[in-house]
Structure formats: C-alpha cells, structure tokens
file query-v3.pdb (PDB, C-alpha atoms, pLDDT in the B column)
ATOM      1  CA  MET A 271     -63.284  43.753  17.451  1.00 44.00           C
ATOM      2  CA  PHE A 272     -62.891  46.634  15.020  1.00 56.00           C
ATOM      3  CA  GLU A 273     -60.090  48.181  17.084  1.00 66.00           C
ATOM      4  CA  TRP A 274     -58.304  44.825  17.160  1.00 65.00           C
ATOM      5  CA  PHE A 275     -58.553  44.574  13.384  1.00 59.00           C
ATOM      6  CA  LYS A 276     -57.183  48.095  12.967  1.00 68.00           C
ATOM      7  CA  SER A 277     -54.266  47.206  15.233  1.00 75.00           C
ATOM      8  CA  VAL A 278     -53.453  44.137  13.129  1.00 69.00           C
ATOM      9  CA  VAL A 279     -53.582  46.167   9.896  1.00 72.00           C
ATOM     10  CA  LEU A 280     -51.325  48.833  11.414  1.00 76.00           C
ATOM     11  CA  TRP A 281     -48.844  46.164  12.524  1.00 75.00           C
ATOM     12  CA  ILE A 282     -48.811  44.639   9.023  1.00 80.00           C
ATOM     13  CA  GLN A 283     -48.118  48.038   7.503  1.00 79.00           C
ATOM     14  CA  GLN A 284     -45.229  48.779   9.857  1.00 81.00           C
ATOM     15  CA  PHE A 285     -43.831  45.266   9.418  1.00 80.00           C
ATOM     16  CA  VAL A 286     -43.794  45.192   5.608  1.00 83.00           C
ATOM     17  CA  ILE A 287     -42.422  48.717   5.326  1.00 83.00           C
ATOM     18  CA  GLY A 288     -39.646  48.213   7.866  1.00 83.00           C
ATOM     19  CA  VAL A 289     -38.279  44.696   7.332  1.00 85.00           C
ATOM     20  CA  PRO A 290     -35.541  43.737   4.813  1.00 88.00           C
ATOM     21  CA  MET A 291     -36.692  43.102   1.257  1.00 89.00           C
ATOM     22  CA  TYR A 292     -36.243  39.323   1.440  1.00 87.00           C
ATOM     23  CA  VAL A 293     -38.943  39.349   4.157  1.00 90.00           C
ATOM     24  CA  ALA A 294     -41.028  42.215   2.762  1.00 91.00           C
ATOM     25  CA  ALA A 295     -41.419  40.616  -0.685  1.00 91.00           C
ATOM     26  CA  PRO A 296     -43.095  37.336   0.396  1.00 93.00           C
ATOM     27  CA  SER A 297     -45.067  39.262   3.041  1.00 91.00           C
ATOM     28  CA  MET A 298     -46.407  41.582   0.326  1.00 93.00           C
ATOM     29  CA  ILE A 299     -47.470  38.571  -1.747  1.00 94.00           C
ATOM     30  CA  VAL A 300     -49.351  37.088   1.230  1.00 92.00           C
ATOM     31  CA  VAL A 301     -51.058  40.391   2.071  1.00 91.00           C
ATOM     32  CA  GLY A 302     -52.019  40.920  -1.571  1.00 91.00           C
ATOM     33  CA  ALA A 303     -53.431  37.408  -1.830  1.00 92.00           C
ATOM     34  CA  LEU A 304     -55.504  37.772   1.342  1.00 89.00           C
ATOM     35  CA  ASP A 305     -56.872  41.162   0.325  1.00 88.00           C
ATOM     36  CA  SER A 306     -57.877  40.046  -3.171  1.00 89.00           C
ATOM     37  CA  SER A 307     -59.521  36.785  -2.101  1.00 84.00           C
ATOM     38  CA  LEU A 308     -61.872  36.439   0.870  1.00 75.00           C
ATOM     39  CA  LEU A 309     -60.423  38.952   3.319  1.00 78.00           C
ATOM     40  CA  SER A 310     -60.803  42.684   2.787  1.00 77.00           C
ATOM     41  CA  LEU A 311     -57.972  45.011   3.824  1.00 75.00           C
ATOM     42  CA  PRO A 312     -58.984  48.342   2.240  1.00 70.00           C
ATOM     43  CA  GLU A 313     -56.154  50.269   0.574  1.00 78.00           C
ATOM     44  CA  ILE A 314     -53.430  48.272   2.329  1.00 85.00           C
ATOM     45  CA  ASN A 315     -51.699  47.131  -0.884  1.00 89.00           C
ATOM     46  CA  ASP A 316     -51.548  50.669  -2.224  1.00 88.00           C
ATOM     47  CA  TYR A 317     -50.274  52.000   1.102  1.00 86.00           C
ATOM     48  CA  LEU A 318     -47.546  49.362   1.359  1.00 90.00           C
ATOM     49  CA  VAL A 319     -46.343  49.956  -2.201  1.00 92.00           C
ATOM     50  CA  VAL A 320     -46.326  53.725  -1.745  1.00 89.00           C
ATOM     51  CA  MET A 321     -44.531  53.765   1.608  1.00 88.00           C
ATOM     52  CA  ARG A 322     -42.030  51.026   0.730  1.00 91.00           C
ATOM     53  CA  CYS A 323     -41.030  52.807  -2.486  1.00 91.00           C
ATOM     54  CA  PHE A 324     -40.886  56.162  -0.701  1.00 88.00           C
ATOM     55  CA  ASN A 325     -38.621  54.793   2.046  1.00 88.00           C
ATOM     56  CA  GLN A 326     -36.541  52.727  -0.375  1.00 90.00           C
ATOM     57  CA  PRO A 327     -36.659  54.276  -3.892  1.00 91.00           C
ATOM     58  CA  SER A 328     -34.772  51.355  -5.479  1.00 91.00           C
ATOM     59  CA  ALA A 329     -37.724  49.115  -4.533  1.00 92.00           C
ATOM     60  CA  VAL A 330     -39.790  50.753  -7.269  1.00 92.00           C
ATOM     61  CA  PHE A 331     -38.073  48.496  -9.810  1.00 93.00           C
ATOM     62  CA  TYR A 332     -39.477  45.272  -8.357  1.00 93.00           C
ATOM     63  CA  PHE A 333     -41.679  45.720  -5.267  1.00 95.00           C
ATOM     64  CA  PRO A 334     -44.844  46.568  -7.274  1.00 95.00           C
ATOM     65  CA  LEU A 335     -44.515  43.172  -8.954  1.00 95.00           C
ATOM     66  CA  PHE A 336     -44.808  41.385  -5.607  1.00 96.00           C
ATOM     67  CA  ALA A 337     -48.000  43.317  -4.848  1.00 95.00           C
ATOM     68  CA  ALA A 338     -49.381  42.480  -8.301  1.00 96.00           C
ATOM     69  CA  PHE A 339     -48.433  38.805  -8.006  1.00 96.00           C
ATOM     70  CA  GLY A 340     -50.119  38.534  -4.595  1.00 95.00           C
ATOM     71  CA  SER A 341     -53.240  40.132  -6.011  1.00 94.00           C
ATOM     72  CA  VAL A 342     -53.298  37.624  -8.878  1.00 96.00           C
ATOM     73  CA  ILE A 343     -53.078  34.721  -6.417  1.00 95.00           C
ATOM     74  CA  GLY A 344     -55.945  36.114  -4.338  1.00 94.00           C
ATOM     75  CA  CYS A 345     -58.067  36.842  -7.398  1.00 94.00           C
ATOM     76  CA  ASN A 346     -57.475  33.316  -8.658  1.00 94.00           C
ATOM     77  CA  ILE A 347     -58.709  31.892  -5.340  1.00 94.00           C
ATOM     78  CA  LEU A 348     -61.926  33.915  -5.521  1.00 92.00           C
ATOM     79  CA  TYR A 349     -62.270  33.124  -9.242  1.00 93.00           C
ATOM     80  CA  SER A 350     -61.915  29.383  -8.547  1.00 93.00           C
ATOM     81  CA  ILE A 351     -64.503  29.444  -5.755  1.00 92.00           C
ATOM     82  CA  THR A 352     -67.163  31.172  -7.851  1.00 90.00           C
ATOM     83  CA  ARG A 353     -66.266  29.110 -10.930  1.00 91.00           C
ATOM     84  CA  LYS A 354     -67.091  25.992  -8.927  1.00 89.00           C
ATOM     85  CA  GLY A 355     -70.098  27.453  -7.099  1.00 83.00           C
ATOM     86  CA  GLY A 356     -71.589  29.183 -10.123  1.00 80.00           C
ATOM     87  CA  GLU A 357     -74.206  31.926 -10.096  1.00 80.00           C
ATOM     88  CA  LYS A 358     -75.949  30.596  -6.976  1.00 81.00           C
ATOM     89  CA  LEU A 359     -72.854  31.338  -4.928  1.00 81.00           C
ATOM     90  CA  LEU A 360     -72.454  34.681  -6.658  1.00 83.00           C
ATOM     91  CA  LEU A 361     -75.988  35.721  -5.684  1.00 83.00           C
ATOM     92  CA  LYS A 362     -75.211  35.067  -2.016  1.00 82.00           C
ATOM     93  CA  ARG A 363     -72.505  37.722  -2.064  1.00 82.00           C
ATOM     94  CA  PHE A 364     -73.705  40.354  -4.540  1.00 86.00           C
ATOM     95  CA  ARG A 365     -76.996  41.906  -5.637  1.00 86.00           C
ATOM     96  CA  LYS A 366     -78.521  40.498  -8.820  1.00 87.00           C
ATOM     97  CA  GLU A 367     -78.810  43.854 -10.592  1.00 88.00           C
ATOM     98  CA  HIS A 368     -75.094  44.485 -10.029  1.00 87.00           C
ATOM     99  CA  ILE A 369     -74.211  41.020 -11.290  1.00 87.00           C
ATOM    100  CA  ASP A 370     -76.296  41.565 -14.434  1.00 88.00           C
ATOM    101  CA  LYS A 371     -74.473  44.827 -15.164  1.00 89.00           C
ATOM    102  CA  VAL A 372     -71.084  43.125 -14.840  1.00 88.00           C
ATOM    103  CA  LYS A 373     -72.250  40.259 -17.064  1.00 88.00           C
ATOM    104  CA  ASN A 374     -73.309  42.727 -19.753  1.00 88.00           C
ATOM    105  CA  ALA A 375     -69.948  44.451 -19.459  1.00 85.00           C
ATOM    106  CA  TYR A 376     -68.110  41.150 -20.036  1.00 87.00           C
ATOM    107  CA  GLU A 377     -70.254  40.466 -23.095  1.00 84.00           C
ATOM    108  CA  ARG A 378     -69.585  43.907 -24.567  1.00 82.00           C
ATOM    109  CA  PHE A 379     -66.010  44.698 -23.549  1.00 79.00           C
ATOM    110  CA  GLY A 380     -64.351  41.358 -22.775  1.00 82.00           C
ATOM    111  CA  PHE A 381     -61.008  41.602 -20.949  1.00 80.00           C
ATOM    112  CA  LEU A 382     -61.386  45.366 -20.400  1.00 81.00           C
ATOM    113  CA  THR A 383     -64.130  44.568 -17.895  1.00 85.00           C
ATOM    114  CA  ILE A 384     -61.508  43.133 -15.543  1.00 89.00           C
ATOM    115  CA  ALA A 385     -58.555  45.250 -16.719  1.00 86.00           C
ATOM    116  CA  LEU A 386     -59.996  48.673 -15.917  1.00 84.00           C
ATOM    117  CA  PRO A 387     -61.247  47.899 -12.365  1.00 86.00           C
ATOM    118  CA  SER A 388     -57.879  46.225 -11.698  1.00 88.00           C
ATOM    119  CA  MET A 389     -56.106  49.462 -12.516  1.00 84.00           C
ATOM    120  CA  LEU A 390     -58.380  51.832 -10.645  1.00 79.00           C
ATOM    121  CA  PRO A 391     -57.470  52.607  -7.011  1.00 74.00           C
ATOM    122  CA  PRO A 392     -59.873  52.239  -4.051  1.00 70.00           C
ATOM    123  CA  PRO A 393     -62.731  52.714  -3.469  1.00 70.00           C
ATOM    124  CA  THR A 394     -63.464  51.272  -6.929  1.00 75.00           C
ATOM    125  CA  PRO A 395     -65.370  47.959  -6.492  1.00 80.00           C
ATOM    126  CA  PHE A 396     -63.346  45.042  -7.798  1.00 87.00           C
ATOM    127  CA  LYS A 397     -64.252  41.691  -6.277  1.00 89.00           C
ATOM    128  CA  ILE A 398     -67.603  41.513  -8.066  1.00 89.00           C
ATOM    129  CA  PHE A 399     -65.734  41.572 -11.389  1.00 91.00           C
ATOM    130  CA  VAL A 400     -63.437  38.774 -10.241  1.00 92.00           C
ATOM    131  CA  ALA A 401     -66.261  36.663  -8.843  1.00 90.00           C
ATOM    132  CA  THR A 402     -68.409  37.145 -11.951  1.00 90.00           C
ATOM    133  CA  ALA A 403     -65.505  36.139 -14.196  1.00 92.00           C
ATOM    134  CA  GLY A 404     -65.344  32.850 -12.318  1.00 90.00           C
ATOM    135  CA  ALA A 405     -69.085  32.246 -12.462  1.00 89.00           C
ATOM    136  CA  LEU A 406     -69.081  32.966 -16.208  1.00 89.00           C
ATOM    137  CA  GLN A 407     -66.070  30.631 -16.630  1.00 89.00           C
ATOM    138  CA  TYR A 408     -64.072  33.365 -18.306  1.00 90.00           C
ATOM    139  CA  PRO A 409     -60.782  31.796 -19.579  1.00 91.00           C
ATOM    140  CA  ARG A 410     -58.499  31.464 -16.566  1.00 92.00           C
ATOM    141  CA  TRP A 411     -55.221  32.223 -18.363  1.00 92.00           C
ATOM    142  CA  LYS A 412     -56.665  35.383 -19.922  1.00 91.00           C
ATOM    143  CA  PHE A 413     -58.134  36.435 -16.583  1.00 93.00           C
ATOM    144  CA  MET A 414     -54.856  35.986 -14.670  1.00 94.00           C
ATOM    145  CA  LEU A 415     -52.732  37.640 -17.357  1.00 93.00           C
ATOM    146  CA  THR A 416     -55.076  40.634 -17.489  1.00 92.00           C
ATOM    147  CA  VAL A 417     -55.049  41.098 -13.715  1.00 93.00           C
ATOM    148  CA  MET A 418     -51.258  40.775 -13.561  1.00 94.00           C
ATOM    149  CA  ILE A 419     -50.665  43.394 -16.247  1.00 91.00           C
ATOM    150  CA  ALA A 420     -53.316  45.810 -14.960  1.00 90.00           C
ATOM    151  CA  ARG A 421     -52.257  45.538 -11.312  1.00 93.00           C
ATOM    152  CA  SER A 422     -48.600  45.965 -12.279  1.00 93.00           C
ATOM    153  CA  VAL A 423     -49.429  49.169 -14.145  1.00 88.00           C
ATOM    154  CA  ARG A 424     -51.343  50.474 -11.121  1.00 89.00           C
ATOM    155  CA  TYR A 425     -48.675  49.672  -8.545  1.00 93.00           C
ATOM    156  CA  TYR A 426     -45.808  50.900 -10.706  1.00 92.00           C
ATOM    157  CA  ILE A 427     -47.564  54.241 -11.181  1.00 87.00           C
ATOM    158  CA  GLU A 428     -48.092  54.486  -7.425  1.00 88.00           C
ATOM    159  CA  GLY A 429     -44.495  53.489  -6.680  1.00 91.00           C
ATOM    160  CA  ILE A 430     -43.015  56.044  -9.077  1.00 91.00           C
ATOM    161  CA  LEU A 431     -45.239  58.832  -7.756  1.00 87.00           C
ATOM    162  CA  ALA A 432     -44.407  57.825  -4.173  1.00 88.00           C
ATOM    163  CA  ILE A 433     -40.712  58.567  -4.691  1.00 88.00           C
ATOM    164  CA  PHE A 434     -41.564  62.212  -5.284  1.00 84.00           C
ATOM    165  CA  PHE A 435     -44.702  62.747  -3.191  1.00 81.00           C
ATOM    166  CA  GLY A 436     -44.742  60.052  -0.487  1.00 77.00           C
ATOM    167  CA  ALA A 437     -48.009  59.283   1.317  1.00 73.00           C
ATOM    168  CA  LEU A 438     -49.690  62.257  -0.398  1.00 77.00           C
ATOM    169  CA  VAL A 439     -49.995  59.967  -3.437  1.00 74.00           C
ATOM    170  CA  LEU A 440     -52.783  57.987  -1.754  1.00 73.00           C
ATOM    171  CA  GLU A 441     -54.939  61.062  -1.181  1.00 73.00           C
ATOM    172  CA  PHE A 442     -54.170  62.350  -4.653  1.00 72.00           C
ATOM    173  CA  LEU A 443     -55.198  59.042  -6.231  1.00 68.00           C
ATOM    174  CA  LYS A 444     -58.457  59.021  -4.286  1.00 67.00           C
ATOM    175  CA  GLN A 445     -59.367  62.342  -5.857  1.00 67.00           C
ATOM    176  CA  ASN A 446     -57.840  61.952  -9.324  1.00 64.00           C
ATOM    177  CA  GLY A 447     -57.246  58.218  -9.677  1.00 60.00           C
ATOM    178  CA  PRO A 448     -59.994  57.438 -12.205  1.00 62.00           C
ATOM    179  CA  VAL A 449     -58.746  60.178 -14.551  1.00 64.00           C
ATOM    180  CA  ILE A 450     -55.075  59.154 -14.289  1.00 63.00           C
ATOM    181  CA  PHE A 451     -55.706  55.451 -14.704  1.00 60.00           C
ATOM    182  CA  GLY A 452     -58.253  56.125 -17.427  1.00 64.00           C
ATOM    183  CA  ILE A 453     -55.547  57.883 -19.434  1.00 66.00           C
ATOM    184  CA  VAL A 454     -53.090  55.070 -18.771  1.00 63.00           C
ATOM    185  CA  ALA A 455     -55.692  52.456 -19.713  1.00 63.00           C
ATOM    186  CA  THR A 456     -56.357  54.283 -22.988  1.00 68.00           C
ATOM    187  CA  ILE A 457     -52.648  54.357 -23.816  1.00 69.00           C
ATOM    188  CA  VAL A 458     -52.302  50.655 -22.983  1.00 64.00           C
ATOM    189  CA  LEU A 459     -55.378  49.823 -25.077  1.00 65.00           C
ATOM    190  CA  ILE A 460     -54.060  51.766 -28.056  1.00 71.00           C
ATOM    191  CA  GLY A 461     -50.744  49.962 -27.693  1.00 68.00           C
ATOM    192  CA  LEU A 462     -52.412  46.548 -27.600  1.00 64.00           C
ATOM    193  CA  ILE A 463     -54.635  47.308 -30.589  1.00 70.00           C
ATOM    194  CA  SER A 464     -51.621  48.557 -32.552  1.00 75.00           C
ATOM    195  CA  TYR A 465     -49.617  45.466 -31.636  1.00 68.00           C
ATOM    196  CA  PHE A 466     -52.300  42.994 -32.714  1.00 70.00           C
ATOM    197  CA  ALA A 467     -53.045  44.990 -35.872  1.00 75.00           C
ATOM    198  CA  LEU A 468     -49.374  44.973 -36.883  1.00 80.00           C
ATOM    199  CA  ARG A 469     -49.069  41.310 -35.962  1.00 75.00           C
ATOM    200  CA  ARG A 470     -52.089  40.440 -38.070  1.00 77.00           C
ATOM    201  CA  PHE A 471     -50.729  42.496 -40.981  1.00 74.00           C
ATOM    202  CA  TYR A 472     -47.339  40.779 -40.721  1.00 72.00           C
ATOM    203  CA  PHE A 473     -48.794  37.269 -40.788  1.00 71.00           C
ATOM    204  CA  ALA A 474     -51.171  38.172 -43.622  1.00 70.00           C
ATOM    205  CA  LYS A 475     -48.260  39.542 -45.642  1.00 68.00           C
ATOM    206  CA  GLN A 476     -46.174  36.465 -44.882  1.00 71.00           C
ATOM    207  CA  ALA A 477     -49.005  34.170 -45.957  1.00 64.00           C
ATOM    208  CA  THR A 478     -49.399  36.107 -49.207  1.00 68.00           C
ATOM    209  CA  GLN A 479     -45.681  35.855 -49.968  1.00 66.00           C
ATOM    210  CA  GLU A 480     -45.715  32.109 -49.309  1.00 64.00           C
ATOM    211  CA  ALA A 481     -48.742  31.686 -51.576  1.00 61.00           C
ATOM    212  CA  VAL A 482     -47.040  33.655 -54.373  1.00 59.00           C
ATOM    213  CA  SER A 483     -43.760  31.742 -54.030  1.00 63.00           C
ATOM    214  CA  GLY A 484     -45.709  28.468 -54.003  1.00 58.00           C
ATOM    215  CA  ASP A 485     -47.278  29.326 -57.333  1.00 55.00           C
TER
END

call {"tool": "encode", "arguments": {"input": "query-v3.pdb", "output": "structure tokens"}}
result
Amino acid sequence: MFEWFKSVVLWIQQFVIGVPMYVAAPSMIVVGALDSSLLSLPEINDYLVVMRCFNQPSAVFYFPLFAAFGSVIGCNILYSITRKGGEKLLLKRFRKEHIDKVKNAYERFGFLTIALPSMLPPPTPFKIFVATAGALQYPRWKFMLTVMIARSVRYYIEGILAIFFGALVLEFLKQNGPVIFGIVATIVLIGLISYFALRRFYFAKQATQEAVSGD
C-alpha cells in the first residue's frame, strides 16, 4: 500500500512539472487543496513549486500563486469541517494538550498564529492550527486572507531560490527554513504594523481637520 502511494505521488510530481502551464496550474490547485485538507502529501507542494520554477524560470511570476490558492481551498475545507463539528471533532484528531496550546496562541497572537505556521516549510505542523481556527470560529475571511498571503510569501521565496539552486532549495529549507521565514515574517509584520499605524494617523488627522473646518 505504501509503495503504491509513493508511486502515485511520484507520478503527480512528474506530471505537474512536465505538462504545459494551462494543465499544470489547475493541477497544482487540486494537489494543494488535497494536501491542505484531509489528505496528506508531505512536501509535495514545495517540491512542485521548486522544480517547476527551476525548469521554467518564468513560472516564478505566477505558479506560486496557484500553489497558494490550492492551499487556501484545502484549508477552508478543513476549517469548515471543524467549524461545524466543534471541539469534539477536534479532539478525535489531535491531543488535548496540543489543542490547548494552539488555543492560547490564538488568544495571545491572533492572526500570527496561522500566519507563521503557513509560512514555515515542512515538517512544521500546520493542520492543527487550521482545524483549531475552525473550531474556535475564527473569522473566515481573516483566516483565508492570512493563509493566502503567508503561503504566497513561502512559495514565492521557494520559487525564486529554485531558479538559482534547484532541488537543493528543499534540503536547505529543511535545515534553515525557520530562520529564513522567521526573518521574512518579521519584515512582513513590521510592514503591516507600519501600514495600519500610518492609516490610523491619516484618518485621525483627517477627522481633526474636518472638526476644525466644521467649527
């Protein structure tokens, strides 16, 4: 059974990497959706992004988006299942102490609890964060937007590195991924904080000007 599964995964990899883009793109979405929902295909999304971008460098401009979009679809399926089933369903899949830790993380860090695991490469656990978000009824739009942005950052980094280093990127990310994506996550976080701070300042200034002109 295991050998059969490995053969299927190998065929998927060869298929998505070798076919024209108009076939590879929807195939990548399907694979990403399956991997992020109920089926587990370890590292396949990362491998497909890396090898496709290495073999076809121009694909780096758009192929990572297909991988990210597929992942969002799969995450939304898992999110919807646990949102409907609640914590009872969650406890059937994950250990209670792990669930409690993820819950505390959501309470303390909000969207970063799903953003950071989304960015980190395998073998970082991810599905427990998705499933817990559903059980906690975390806002769906915020959940999907966070996953889309974080996954896009991850796959674009992999795609760009793949152009220069090929399959070696996967091994490199296994060893140094948390550090690299931690730096990227920090930069993104600083950017978001700066954006919302400036936005808040702008609207506050505008409101003050309107109040003064009204007087």

call {"tool": "resolve_selection", "arguments": {"input": "query-v3.pdb", "expression": "the PyMOL selection byres ((chain A and resi 321-325) around 6)", "output": "number ranges by chain"}}
result
A: 287, 318-320, 326-327, 329-330, 429, 432-433, 436

call {"tool": "resolve_selection", "arguments": {"input": "query-v3.pdb", "expression": "the PyMOL selection byres ((chain A and resi 353-367) around 8)", "output": "VMD selection string"}}
result
chain A and resid 349 to 352 368 to 371 398 401 to 407

call {"tool": "axis_aligned_box", "arguments": {"input": "query-v3.pdb", "around": "segment 295-308 of chain A", "padding_each_side": "4 Å", "output": "AutoDock Vina command-line options"}}
result
--center_x -51.6 --center_y 39.0 --center_z -0.1 --size_x 28.5 --size_y 13.1 --size_z 14.2

call {"tool": "residues_around", "arguments": {"input": "query-v3.pdb", "residues": "Ile299 of chain A", "least_positions_apart": "5", "cutoff": "9 Å", "atoms": "only C-alpha atoms", "output": "PyMOL selection string"}}
result
chain A and resi 294+304+336-341+343

call {"tool": "closest_residue", "arguments": {"input": "query-v3.pdb", "among": "A:Ile419, A:Lys397, A:Tyr425, A:Phe473", "to": "Ala385 of chain A", "atoms": "only C-alpha atoms"}}
result
A:Ile419

call {"tool": "atom_distance", "arguments": {"input": "query-v3.pdb", "atom1": "atom CA of Ala420 of chain A", "atom2": "atom CA of Thr383 of chain A"}}
result
11.3 Å

call {"tool": "resolve_selection", "arguments": {"input": "query-v3.pdb", "expression": "the PyMOL selection byres ((chain A and resi 303) around 12)", "output": "JSON, numbers by chain"}}
result
{"A": [296, 297, 298, 299, 300, 301, 302, 304, 305, 306, 307, 308, 309, 310, 311, 314, 315, 336, 337, 338, 339, 340, 341, 342, 343, 344, 345, 346, 347, 348]}

call {"tool": "decode", "arguments": {"input": "query-v3.pdb", "residues": "segment 354-384 of chain A", "atoms": "N, CA and C atoms", "output": "PDB file, in the first residue's frame"}}
result
ATOM      1  N   LYS A 354     -17.953  23.199  11.927  1.00  0.00           N
ATOM      2  CA  LYS A 354     -19.249  22.556  12.100  1.00  0.00           C
ATOM      3  C   LYS A 354     -19.203  21.502  13.214  1.00  0.00           C
ATOM      4  N   GLY A 355     -18.104  20.755  13.273  1.00  0.00           N
ATOM      5  CA  GLY A 355     -18.003  19.678  14.264  1.00  0.00           C
ATOM      6  C   GLY A 355     -17.589  20.133  15.645  1.00  0.00           C
ATOM      7  N   GLY A 356     -16.954  21.311  15.735  1.00  0.00           N
ATOM      8  CA  GLY A 356     -16.567  21.853  17.015  1.00  0.00           C
ATOM      9  C   GLY A 356     -15.407  21.115  17.663  1.00  0.00           C
ATOM     10  N   GLU A 357     -15.250  21.336  18.957  1.00  0.00           N
ATOM     11  CA  GLU A 357     -14.093  20.785  19.681  1.00  0.00           C
ATOM     12  C   GLU A 357     -14.147  19.270  19.802  1.00  0.00           C
ATOM     13  N   LYS A 358     -15.339  18.687  19.792  1.00  0.00           N
ATOM     14  CA  LYS A 358     -15.438  17.223  19.879  1.00  0.00           C
ATOM     15  C   LYS A 358     -14.739  16.562  18.692  1.00  0.00           C
ATOM     16  N   LEU A 359     -14.958  17.124  17.523  1.00  0.00           N
ATOM     17  CA  LEU A 359     -14.307  16.596  16.322  1.00  0.00           C
ATOM     18  C   LEU A 359     -12.806  16.844  16.375  1.00  0.00           C
ATOM     19  N   LEU A 360     -12.435  17.992  16.896  1.00  0.00           N
ATOM     20  CA  LEU A 360     -11.024  18.352  17.008  1.00  0.00           C
ATOM     21  C   LEU A 360     -10.270  17.367  17.903  1.00  0.00           C
ATOM     22  N   LEU A 361     -10.916  16.961  18.992  1.00  0.00           N
ATOM     23  CA  LEU A 361     -10.287  16.044  19.947  1.00  0.00           C
ATOM     24  C   LEU A 361     -10.093  14.634  19.367  1.00  0.00           C
ATOM     25  N   LYS A 362     -10.852  14.306  18.335  1.00  0.00           N
ATOM     26  CA  LYS A 362     -10.692  12.995  17.705  1.00  0.00           C
ATOM     27  C   LYS A 362      -9.419  12.928  16.865  1.00  0.00           C
ATOM     28  N   ARG A 363      -8.942  14.074  16.458  1.00  0.00           N
ATOM     29  CA  ARG A 363      -7.792  14.137  15.545  1.00  0.00           C
ATOM     30  C   ARG A 363      -6.491  14.526  16.257  1.00  0.00           C
ATOM     31  N   PHE A 364      -6.612  15.399  17.277  1.00  0.00           N
ATOM     32  CA  PHE A 364      -5.407  15.930  17.909  1.00  0.00           C
ATOM     33  C   PHE A 364      -5.473  15.749  19.431  1.00  0.00           C
ATOM     34  N   ARG A 365      -4.306  15.760  20.051  1.00  0.00           N
ATOM     35  CA  ARG A 365      -4.233  15.617  21.510  1.00  0.00           C
ATOM     36  C   ARG A 365      -4.665  16.907  22.187  1.00  0.00           C
ATOM     37  N   LYS A 366      -5.336  16.756  23.340  1.00  0.00           N
ATOM     38  CA  LYS A 366      -5.928  17.912  24.019  1.00  0.00           C
ATOM     39  C   LYS A 366      -4.880  18.947  24.423  1.00  0.00           C
ATOM     40  N   GLU A 367      -3.720  18.477  24.912  1.00  0.00           N
ATOM     41  CA  GLU A 367      -2.702  19.431  25.350  1.00  0.00           C
ATOM     42  C   GLU A 367      -2.173  20.271  24.179  1.00  0.00           C
ATOM     43  N   HIS A 368      -2.124  19.661  22.986  1.00  0.00           N
ATOM     44  CA  HIS A 368      -1.688  20.413  21.809  1.00  0.00           C
ATOM     45  C   HIS A 368      -2.750  21.423  21.394  1.00  0.00           C
ATOM     46  N   ILE A 369      -4.004  21.005  21.479  1.00  0.00           N
ATOM     47  CA  ILE A 369      -5.107  21.910  21.138  1.00  0.00           C
ATOM     48  C   ILE A 369      -5.115  23.114  22.072  1.00  0.00           C
ATOM     49  N   ASP A 370      -4.918  22.864  23.363  1.00  0.00           N
ATOM     50  CA  ASP A 370      -4.913  23.952  24.351  1.00  0.00           C
ATOM     51  C   ASP A 370      -3.799  24.959  24.070  1.00  0.00           C
ATOM     52  N   LYS A 371      -2.638  24.469  23.652  1.00  0.00           N
ATOM     53  CA  LYS A 371      -1.526  25.364  23.332  1.00  0.00           C
ATOM     54  C   LYS A 371      -1.861  26.247  22.132  1.00  0.00           C
ATOM     55  N   VAL A 372      -2.494  25.654  21.119  1.00  0.00           N
ATOM     56  CA  VAL A 372      -2.876  26.425  19.934  1.00  0.00           C
ATOM     57  C   VAL A 372      -3.955  27.452  20.288  1.00  0.00           C
ATOM     58  N   LYS A 373      -4.896  27.053  21.127  1.00  0.00           N
ATOM     59  CA  LYS A 373      -5.941  27.982  21.577  1.00  0.00           C
ATOM     60  C   LYS A 373      -5.318  29.195  22.271  1.00  0.00           C
ATOM     61  N   ASN A 374      -4.382  28.932  23.166  1.00  0.00           N
ATOM     62  CA  ASN A 374      -3.715  30.027  23.880  1.00  0.00           C
ATOM     63  C   ASN A 374      -2.965  30.934  22.910  1.00  0.00           C
ATOM     64  N   ALA A 375      -2.382  30.326  21.889  1.00  0.00           N
ATOM     65  CA  ALA A 375      -1.662  31.115  20.888  1.00  0.00           C
ATOM     66  C   ALA A 375      -2.620  32.032  20.136  1.00  0.00           C
ATOM     67  N   TYR A 376      -3.803  31.534  19.784  1.00  0.00           N
ATOM     68  CA  TYR A 376      -4.793  32.371  19.092  1.00  0.00           C
ATOM     69  C   TYR A 376      -5.236  33.534  19.981  1.00  0.00           C
ATOM     70  N   GLU A 377      -5.400  33.260  21.262  1.00  0.00           N
ATOM     71  CA  GLU A 377      -5.822  34.307  22.192  1.00  0.00           C
ATOM     72  C   GLU A 377      -4.760  35.388  22.342  1.00  0.00           C
ATOM     73  N   ARG A 378      -3.504  34.988  22.312  1.00  0.00           N
ATOM     74  CA  ARG A 378      -2.405  35.936  22.540  1.00  0.00           C
ATOM     75  C   ARG A 378      -1.945  36.642  21.278  1.00  0.00           C
ATOM     76  N   PHE A 379      -1.875  35.907  20.157  1.00  0.00           N
ATOM     77  CA  PHE A 379      -1.225  36.445  18.964  1.00  0.00           C
ATOM     78  C   PHE A 379      -2.162  36.628  17.759  1.00  0.00           C
ATOM     79  N   GLY A 380      -3.396  36.174  17.859  1.00  0.00           N
ATOM     80  CA  GLY A 380      -4.349  36.391  16.786  1.00  0.00           C
ATOM     81  C   GLY A 380      -3.924  35.782  15.459  1.00  0.00           C
ATOM     82  N   PHE A 381      -3.946  36.587  14.394  1.00  0.00           N
ATOM     83  CA  PHE A 381      -3.699  36.065  13.039  1.00  0.00           C
ATOM     84  C   PHE A 381      -2.285  35.514  12.858  1.00  0.00           C
ATOM     85  N   LEU A 382      -1.338  35.942  13.684  1.00  0.00           N
ATOM     86  CA  LEU A 382       0.033  35.424  13.567  1.00  0.00           C
ATOM     87  C   LEU A 382       0.097  33.924  13.870  1.00  0.00           C
ATOM     88  N   THR A 383      -0.885  33.445  14.630  1.00  0.00           N
ATOM     89  CA  THR A 383      -0.910  32.024  14.979  1.00  0.00           C
ATOM     90  C   THR A 383      -1.119  31.160  13.745  1.00  0.00           C
ATOM     91  N   ILE A 384      -1.807  31.665  12.750  1.00  0.00           N
ATOM     92  CA  ILE A 384      -1.974  30.920  11.498  1.00  0.00           C
ATOM     93  C   ILE A 384      -0.980  31.389  10.440  1.00  0.00           C
TER      94      ILE A 384
END
